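Listing of structure.txt; format and content: compact mmCIF, C-alpha atoms.
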# COMPACT_ATOMS: atom_id res chain seq x y z
CA MET T 1 84.44 -51.26 26.89
CA ARG T 2 80.77 -52.01 26.19
CA GLU T 3 79.05 -50.34 23.28
CA VAL T 4 75.47 -49.07 23.45
CA ARG T 5 73.96 -47.91 20.20
CA ALA T 6 72.46 -44.43 20.11
CA GLU T 7 69.32 -45.94 18.57
CA GLU T 8 68.91 -48.25 21.57
CA LEU T 9 69.24 -45.27 23.89
CA ALA T 10 66.64 -43.34 21.89
CA GLY T 11 64.24 -46.28 21.90
CA ALA T 12 64.50 -46.63 25.67
CA VAL T 13 63.79 -42.94 26.21
CA ALA T 14 60.80 -43.08 23.85
CA ARG T 15 59.26 -45.99 25.76
CA LEU T 16 59.88 -44.35 29.13
CA CYS T 17 58.27 -41.06 28.04
CA GLN T 18 55.06 -42.91 27.28
CA GLU T 19 55.18 -45.23 30.28
CA ALA T 20 55.77 -42.42 32.73
CA ASN T 21 52.79 -40.46 31.40
CA VAL T 22 50.28 -43.31 31.53
CA GLU T 23 51.33 -45.37 34.56
CA LEU T 24 51.28 -43.79 38.00
CA SER T 25 53.74 -45.70 40.18
CA ASP T 26 52.40 -48.05 42.86
CA ASP T 27 53.87 -46.04 45.76
CA VAL T 28 51.93 -42.95 44.70
CA VAL T 29 48.71 -44.92 44.28
CA ARG T 30 49.12 -46.44 47.74
CA ALA T 31 49.72 -42.97 49.22
CA LEU T 32 46.55 -41.68 47.55
CA GLN T 33 44.59 -44.64 48.91
CA ALA T 34 45.95 -43.96 52.38
CA GLY T 35 44.96 -40.34 51.90
CA VAL T 36 41.33 -41.34 51.35
CA GLN T 37 41.37 -42.90 54.82
CA ALA T 38 43.17 -39.97 56.44
CA GLU T 39 41.23 -37.14 54.81
CA GLN T 40 38.52 -35.63 57.03
CA SER T 41 36.85 -33.51 54.35
CA PRO T 42 34.11 -35.30 52.34
CA VAL T 43 35.00 -33.17 49.30
CA GLY T 44 38.66 -34.00 49.78
CA ARG T 45 37.95 -37.73 49.97
CA GLU T 46 35.92 -37.60 46.77
CA ILE T 47 38.70 -35.73 44.97
CA LEU T 48 41.24 -38.36 46.04
CA ARG T 49 38.94 -41.14 44.83
CA GLN T 50 38.61 -39.38 41.46
CA ILE T 51 42.40 -39.05 41.19
CA ILE T 52 42.77 -42.79 41.84
CA GLU T 53 40.07 -43.58 39.28
CA ASN T 54 41.77 -41.31 36.76
CA ALA T 55 45.09 -43.13 37.29
CA THR T 56 43.37 -46.48 36.78
CA ILE T 57 41.74 -45.35 33.53
CA ALA T 58 45.05 -43.92 32.28
CA ARG T 59 46.85 -47.21 32.93
CA ASP T 60 44.10 -49.41 31.44
CA GLU T 61 43.42 -47.27 28.37
CA ARG T 62 47.07 -46.22 27.83
CA LEU T 63 46.14 -42.55 27.99
CA PRO T 64 48.08 -39.75 29.69
CA MET T 65 46.94 -39.27 33.27
CA CYS T 66 47.16 -35.48 32.85
CA GLN T 67 46.84 -33.20 29.82
CA ASP T 68 50.08 -31.49 30.89
CA THR T 69 52.56 -34.17 29.86
CA GLY T 70 55.41 -32.00 31.02
CA VAL T 71 59.00 -31.13 30.32
CA ALA T 72 60.94 -34.32 29.62
CA VAL T 73 63.47 -34.42 32.45
CA VAL T 74 65.90 -37.29 31.83
CA PHE T 75 68.32 -38.61 34.44
CA VAL T 76 71.06 -40.88 33.11
CA GLU T 77 73.53 -42.90 35.16
CA LEU T 78 76.11 -43.68 32.49
CA GLY T 79 78.55 -46.45 33.28
CA GLN T 80 82.16 -45.36 32.78
CA ASP T 81 82.78 -48.56 30.79
CA VAL T 82 80.06 -47.70 28.26
CA ARG T 83 80.63 -46.01 24.92
CA VAL T 84 77.63 -44.67 22.99
CA THR T 85 78.10 -45.47 19.30
CA GLY T 86 76.27 -44.78 16.06
CA GLY T 87 75.22 -41.27 16.94
CA ASP T 88 75.43 -38.34 19.33
CA TYR T 89 74.50 -39.03 22.99
CA THR T 90 72.46 -35.87 23.55
CA GLU T 91 70.73 -36.07 20.18
CA ALA T 92 69.82 -39.72 20.88
CA ILE T 93 67.98 -38.69 24.05
CA ASN T 94 66.21 -35.85 22.27
CA ALA T 95 65.30 -38.21 19.43
CA GLY T 96 63.76 -40.54 22.00
CA VAL T 97 61.72 -37.72 23.53
CA ARG T 98 60.62 -36.60 20.07
CA ARG T 99 59.51 -40.11 19.14
CA GLY T 100 57.89 -40.87 22.48
CA TYR T 101 55.79 -37.72 22.51
CA GLN T 102 54.75 -38.00 18.88
CA GLU T 103 53.94 -41.72 18.89
CA GLY T 104 52.27 -41.51 22.29
CA TYR T 105 50.12 -38.52 21.25
CA LEU T 106 51.44 -36.61 24.25
CA ARG T 107 51.09 -32.84 24.45
CA LYS T 108 54.13 -30.87 23.36
CA SER T 109 54.81 -28.09 25.84
CA MET T 110 58.30 -26.75 25.08
CA CYS T 111 58.41 -23.24 23.63
CA HIS T 112 60.58 -20.15 23.16
CA PRO T 113 60.60 -18.24 26.48
CA PHE T 114 59.44 -14.96 24.93
CA THR T 115 57.79 -15.55 21.56
CA ARG T 116 56.09 -18.66 23.07
CA ARG T 117 56.52 -20.44 19.75
CA ASN T 118 56.25 -24.18 20.38
CA THR T 119 59.21 -26.36 19.36
CA GLY T 120 56.63 -28.86 18.10
CA ASP T 121 58.10 -32.07 19.54
CA ASN T 122 58.68 -31.41 23.26
CA THR T 123 62.42 -31.08 22.82
CA PRO T 124 64.90 -30.17 24.04
CA ALA T 125 64.88 -32.53 26.98
CA VAL T 126 66.44 -31.50 30.28
CA ILE T 127 69.27 -34.02 30.66
CA HIS T 128 71.19 -34.76 33.86
CA THR T 129 74.06 -37.20 33.31
CA GLN T 130 76.06 -38.85 36.09
CA ILE T 131 79.12 -41.00 35.31
CA VAL T 132 79.09 -44.10 37.52
CA PRO T 133 81.16 -47.30 37.75
CA GLY T 134 80.17 -50.24 35.56
CA ASP T 135 78.98 -50.98 32.04
CA ARG T 136 75.27 -50.23 32.30
CA VAL T 137 73.06 -47.26 31.57
CA ARG T 138 70.21 -46.45 33.96
CA ILE T 139 67.67 -44.05 32.45
CA THR T 140 64.91 -42.32 34.40
CA VAL T 141 62.39 -40.11 32.63
CA ALA T 142 60.45 -37.78 34.92
CA PRO T 143 57.97 -35.58 33.02
CA LYS T 144 57.47 -32.38 35.02
CA GLY T 145 54.30 -30.33 34.72
CA GLY T 146 54.35 -26.56 34.57
CA GLY T 147 51.79 -25.85 37.28
CA SER T 148 53.76 -27.48 40.07
CA GLU T 149 57.14 -26.35 38.72
CA ASN T 150 55.91 -22.75 38.85
CA MET T 151 55.29 -23.06 42.59
CA SER T 152 58.86 -24.18 43.31
CA GLY T 153 61.69 -21.95 44.52
CA VAL T 154 65.30 -21.47 45.59
CA LYS T 155 66.57 -19.39 48.48
CA LEU T 156 70.02 -18.75 49.88
CA LEU T 157 69.45 -18.84 53.63
CA THR T 158 71.96 -17.75 56.23
CA PRO T 159 73.59 -20.66 58.07
CA ALA T 160 71.91 -19.49 61.28
CA ALA T 161 68.50 -20.30 59.78
CA GLY T 162 69.21 -23.99 60.37
CA LEU T 163 66.70 -26.81 60.04
CA ALA T 164 63.83 -24.58 61.16
CA GLY T 165 64.58 -22.12 58.37
CA VAL T 166 64.55 -24.88 55.78
CA ARG T 167 61.24 -26.21 57.12
CA ASP T 168 59.62 -22.78 57.14
CA PHE T 169 60.74 -22.00 53.59
CA ALA T 170 59.37 -25.30 52.28
CA VAL T 171 56.07 -25.00 54.11
CA GLY T 172 55.71 -21.35 53.10
CA LEU T 173 56.06 -22.20 49.42
CA VAL T 174 53.33 -24.83 49.65
CA GLU T 175 51.05 -22.40 51.45
CA GLN T 176 51.75 -19.69 48.88
CA GLY T 177 51.03 -22.11 46.04
CA GLY T 178 47.64 -23.05 47.44
CA PRO T 179 45.63 -24.88 44.76
CA ASN T 180 47.98 -24.00 41.88
CA PRO T 181 50.24 -27.11 41.97
CA CYS T 182 47.22 -29.47 42.03
CA PRO T 183 47.55 -30.89 45.54
CA PRO T 184 48.05 -33.33 47.10
CA VAL T 185 51.67 -32.61 46.30
CA ILE T 186 55.03 -34.20 46.88
CA VAL T 187 57.63 -31.83 48.30
CA GLY T 188 61.23 -32.33 47.18
CA VAL T 189 63.81 -30.40 49.20
CA GLY T 190 67.46 -29.96 48.24
CA ILE T 191 69.90 -28.52 50.75
CA GLY T 192 73.51 -27.45 50.30
CA GLY T 193 76.02 -27.30 47.50
CA THR T 194 75.41 -24.13 45.52
CA MET T 195 72.25 -22.59 44.11
CA GLU T 196 72.08 -24.95 41.12
CA VAL T 197 73.14 -28.00 43.13
CA ALA T 198 70.35 -27.44 45.64
CA ALA T 199 67.82 -27.23 42.79
CA LEU T 200 69.05 -30.49 41.27
CA LEU T 201 68.98 -32.22 44.66
CA ALA T 202 65.37 -31.13 45.12
CA LYS T 203 64.46 -32.55 41.71
CA ARG T 204 66.22 -35.82 42.50
CA ALA T 205 64.41 -36.02 45.85
CA LEU T 206 61.12 -36.31 43.93
CA LEU T 207 62.33 -39.62 42.47
CA ARG T 208 62.51 -41.29 45.88
CA PRO T 209 59.70 -43.78 46.58
CA ILE T 210 57.02 -42.45 48.90
CA GLY T 211 57.66 -43.90 52.34
CA SER T 212 61.45 -44.05 52.03
CA HIS T 213 62.93 -41.79 54.69
CA HIS T 214 66.43 -40.38 54.40
CA ALA T 215 69.14 -42.50 56.05
CA ASP T 216 70.35 -39.47 58.06
CA PRO T 217 68.11 -39.27 61.18
CA ASP T 218 68.13 -35.46 61.17
CA MET T 219 67.04 -35.34 57.53
CA ALA T 220 64.40 -38.01 58.16
CA GLN T 221 63.00 -35.92 61.01
CA LEU T 222 63.02 -32.85 58.79
CA GLU T 223 60.97 -34.79 56.23
CA ARG T 224 58.43 -35.68 58.91
CA ASP T 225 58.30 -32.10 60.19
CA ILE T 226 57.73 -30.64 56.72
CA LEU T 227 55.02 -33.17 55.87
CA SER T 228 53.22 -32.59 59.16
CA ALA T 229 53.38 -28.81 58.89
CA VAL T 230 52.21 -28.83 55.28
CA ASN T 231 49.24 -31.01 56.13
CA ASP T 232 48.36 -28.67 58.98
CA LEU T 233 47.90 -25.83 56.46
CA GLY T 234 44.40 -26.97 55.53
CA VAL T 235 44.91 -26.46 51.79
CA GLY T 236 43.65 -29.99 51.09
CA PRO T 237 43.11 -31.89 47.83
CA GLN T 238 42.93 -29.49 44.86
CA GLY T 239 43.04 -26.61 47.34
CA LEU T 240 39.44 -27.11 48.47
CA GLY T 241 40.29 -27.69 52.11
CA GLY T 242 41.25 -30.75 54.07
CA ARG T 243 44.03 -32.64 55.75
CA VAL T 244 45.86 -34.22 52.79
CA THR T 245 47.76 -31.35 51.20
CA ALA T 246 50.92 -33.42 50.64
CA LEU T 247 51.52 -37.13 50.17
CA TRP T 248 55.20 -36.99 51.06
CA ALA T 249 58.25 -34.82 51.67
CA ALA T 250 61.73 -35.97 50.67
CA VAL T 251 65.04 -34.28 51.49
CA GLU T 252 68.48 -34.61 49.87
CA TRP T 253 71.57 -32.70 50.96
CA SER T 254 75.19 -31.94 50.09
CA PRO T 255 78.00 -30.05 51.85
CA CYS T 256 78.05 -26.31 51.17
CA HIS T 257 80.20 -23.21 51.68
CA ILE T 258 80.65 -22.06 55.28
CA ALA T 259 78.91 -18.75 54.44
CA SER T 260 75.88 -20.32 52.75
CA LEU T 261 72.80 -22.47 53.27
CA PRO T 262 71.28 -22.94 49.80
CA VAL T 263 67.79 -24.47 49.81
CA ALA T 264 65.58 -25.46 46.89
CA VAL T 265 62.03 -26.74 47.03
CA ASN T 266 60.66 -28.55 44.00
CA ILE T 267 56.94 -29.20 44.27
CA ASN T 268 55.32 -32.02 42.31
CA CYS T 269 51.61 -32.44 41.72
CA HIS T 270 49.80 -35.69 42.56
CA ALA T 271 50.75 -36.95 39.06
CA ALA T 272 54.25 -37.77 40.30
CA ARG T 273 55.45 -39.36 37.07
CA HIS T 274 58.69 -41.20 36.52
CA ALA T 275 59.75 -44.43 34.85
CA GLU T 276 63.16 -46.06 34.58
CA MET T 277 64.99 -48.90 32.92
CA VAL T 278 68.52 -50.25 32.71
CA ILE T 279 70.33 -51.00 29.47

Mind converting the file's structure to structure tokens?
Amino acid sequence: MREVRAEELAGAVARLCQEANVELSDDVVRALQAGVQAEQSPVGREILRQIIENATIARDERLPMCQDTGVAVVFVELGQDVRVTGGDYTEAINAGVRRGYQEGYLRKSMCHPFTRRNTGDNTPAVIHTQIVPGDRVRITVAPKGGGSENMSGVKLLTPAAGLAGVRDFAVGLVEQGGPNPCPPVIVGVGIGGTMEVAALLAKRALLRPIGSHHADPDMAQLERDILSAVNDLGVGPQGLGGRVTALWAAVEWSPCHIASLPVAVNINCHAARHAEMVI
């Protein structure tokens, strides 16, 4: 049994909170650069260039790429041969978020749902833990902004709706969102399981590198169909019209009940932030 100190876990989370907020991953930057070439609208091309410039400044100056530094969503693959010592596992992750947001001068966005009183340190984190074989801990921090999260949705379709129903629901949400999620967006789609499983699958889909199609040919085709239909909407960068409304669509699925077809769509803005490390 390998021991991982709670303090080491907290330190890793703190570093990842800051890294994710200041460094836009290379796959997203490449997709934005490709979007400049594909976009037909002059205004849209200029917006994409400004987004790329903003990402460059954020990386070089170690500043957050967006003022909304998001809910700290933390995915942990915890090896079954690992024991966290010297503190509580959940509190260690929250301590890391607290430290990362304070030391990184990142905006704190977490508040009481009704009084709107801010918690002051961006905790609690949203923690998804998966027990996996081995003696390592893989941590992924994916800060999620409120504007794009607000445009997401879950729907329990009838099984007869099929692939077309999933596509139409996803495309309809993007159209309904218009400029609100700060396009160009990334569309994460979760299918199957139950209501909450579909939502988690959609969130996990956003972690996939842009350009990586699903191994299942039907799901890969669904990804292509959603991306094509979304970009035919004409919403364009920042909702000002154009061809590049989405950079990518990613689908994840799980078996579900014979009476159900749960579908969740999690929309991410162009600041598709996530950073990971292995302890």

Check: So which residues touch Glu39 in chain T within 7 Å, counting all atoms listed in the file, skipping near sequence neighbours fewer than 2 positions away, as a ChimeraX atom specification?
Finding: /T:35-37,41,44-45,242-244

Distance cut-off 8 Å, centre (78.4, -45.7, 32.3) in file coordinates, counting only C-alpha atoms: which residues qualify? Return them as a compact mmCIF listing (two decimals) with C-alpha atoms, in the frame of the given file.
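The resulting file, point.txt, is reproduced below:
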# COMPACT_ATOMS: atom_id res chain seq x y z
CA GLU T 77 73.53 -42.90 35.16
CA LEU T 78 76.11 -43.68 32.49
CA GLY T 79 78.55 -46.45 33.28
CA GLN T 80 82.16 -45.36 32.78
CA ASP T 81 82.78 -48.56 30.79
CA VAL T 82 80.06 -47.70 28.26
CA ARG T 83 80.63 -46.01 24.92
CA ILE T 131 79.12 -41.00 35.31
CA VAL T 132 79.09 -44.10 37.52
CA PRO T 133 81.16 -47.30 37.75
CA GLY T 134 80.17 -50.24 35.56
CA ASP T 135 78.98 -50.98 32.04
CA ARG T 136 75.27 -50.23 32.30
CA VAL T 137 73.06 -47.26 31.57

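Distance check against Arg208 in chain T using all atoms listed in the file: of T:Pro262, T:Gly188, T:Pro42, T:Gly165, the minimum falls on T:Gly188.
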
Next item on the list: Fewer than 6 positions away in the same chain doesn't count, so skip those; otherwise give me all residues within 12 Å of Ser228 in chain T, counting all atoms listed in the file, as a PyMOL selection string.
Entry: chain T and resi 167-168+170-171+187+221-222+234+243-249

Margin query: If we draw a sphere of 10 Å around (71.2, -28.0, 45.3), which residues have at least one atom in it when counting all atoms listed in the file? Please report them as a PyMOL selection string.
Written below: chain T and resi 154+189-204+252-256+261-265

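Ranking T:Ala14, T:Pro159, T:Val71, T:Lys108 by their shortest atom-to-atom distance to Ile93 in chain T, with all atoms listed in the file included, puts T:Ala14 first.
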
Next item on the list: Choose the residue, out of T:Val28, T:Ala72, T:Met277, T:Glu103, that has the smallest atom-to-atom separation from Gly211 in chain T; count only C-alpha atoms.
Entry: T:Val28

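Considering the residues T:Val141, T:Leu156, T:Ile47, T:Ala12 and counting only C-alpha atoms, Pro183 in chain T has its shortest atom-to-atom contact with T:Ile47.
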
Notebook entry, point to check: Near range 49-56 of chain T, counting all atoms listed in the file, which residues have an atom at most 7 Å away, once you skip same-chain residues fewer than 5 positions from it, shown as a ChimeraX atom specification?
Noted result: /T:24,29,32,36,65

Create the file for the chosen residues now, containing C-alpha atoms and written as a PDB file, in the coordinates of the input.
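See part_25.pdb below for the written result:
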ATOM      1  CA  LEU T  24      51.280 -43.790  38.000  1.00  0.00           C
ATOM      2  CA  VAL T  29      48.710 -44.920  44.280  1.00  0.00           C
ATOM      3  CA  LEU T  32      46.550 -41.680  47.550  1.00  0.00           C
ATOM      4  CA  VAL T  36      41.330 -41.340  51.350  1.00  0.00           C
ATOM      5  CA  MET T  65      46.940 -39.270  33.270  1.00  0.00           C
TER       6      MET T  65
END

Could you give me the axis-aligned bounding box of range 220-223 of chain T, with 3 Å of padding per side, as centre plus edge lengths in Å to one decimal, as lines of an AutoDock Vina configuration file?
center_x = 62.7
center_y = -35.4
center_z = 58.6
size_x = 9.4
size_y = 11.2
size_z = 10.8

Item checked: Which residue of T:Asn21, T:Thr119, T:Asn180, T:Asn266 approaches Arg62 in chain T most closely, using all atoms listed in the file -> T:Asn21

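Comparing the minimum interatomic distances between Cys17 in chain T and each of T:Val84, T:Val230, T:Met110, T:Ala275, counting all atoms listed in the file, we find that T:Ala275 sits nearest.
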
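Note that the spacing between CA of Pro179 in chain T and CA of Pro209 in chain T amounts to 23.6 Å.
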
Next item on the list: May I ask for the distance between CA of Gly153 in chain T and CA of Ile186 in chain T, given in Å to one decimal place?
Entry: 14.1 Å

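Going from CA of Asp225 in chain T over to CA of Pro143 in chain T, you cover 27.4 Å.
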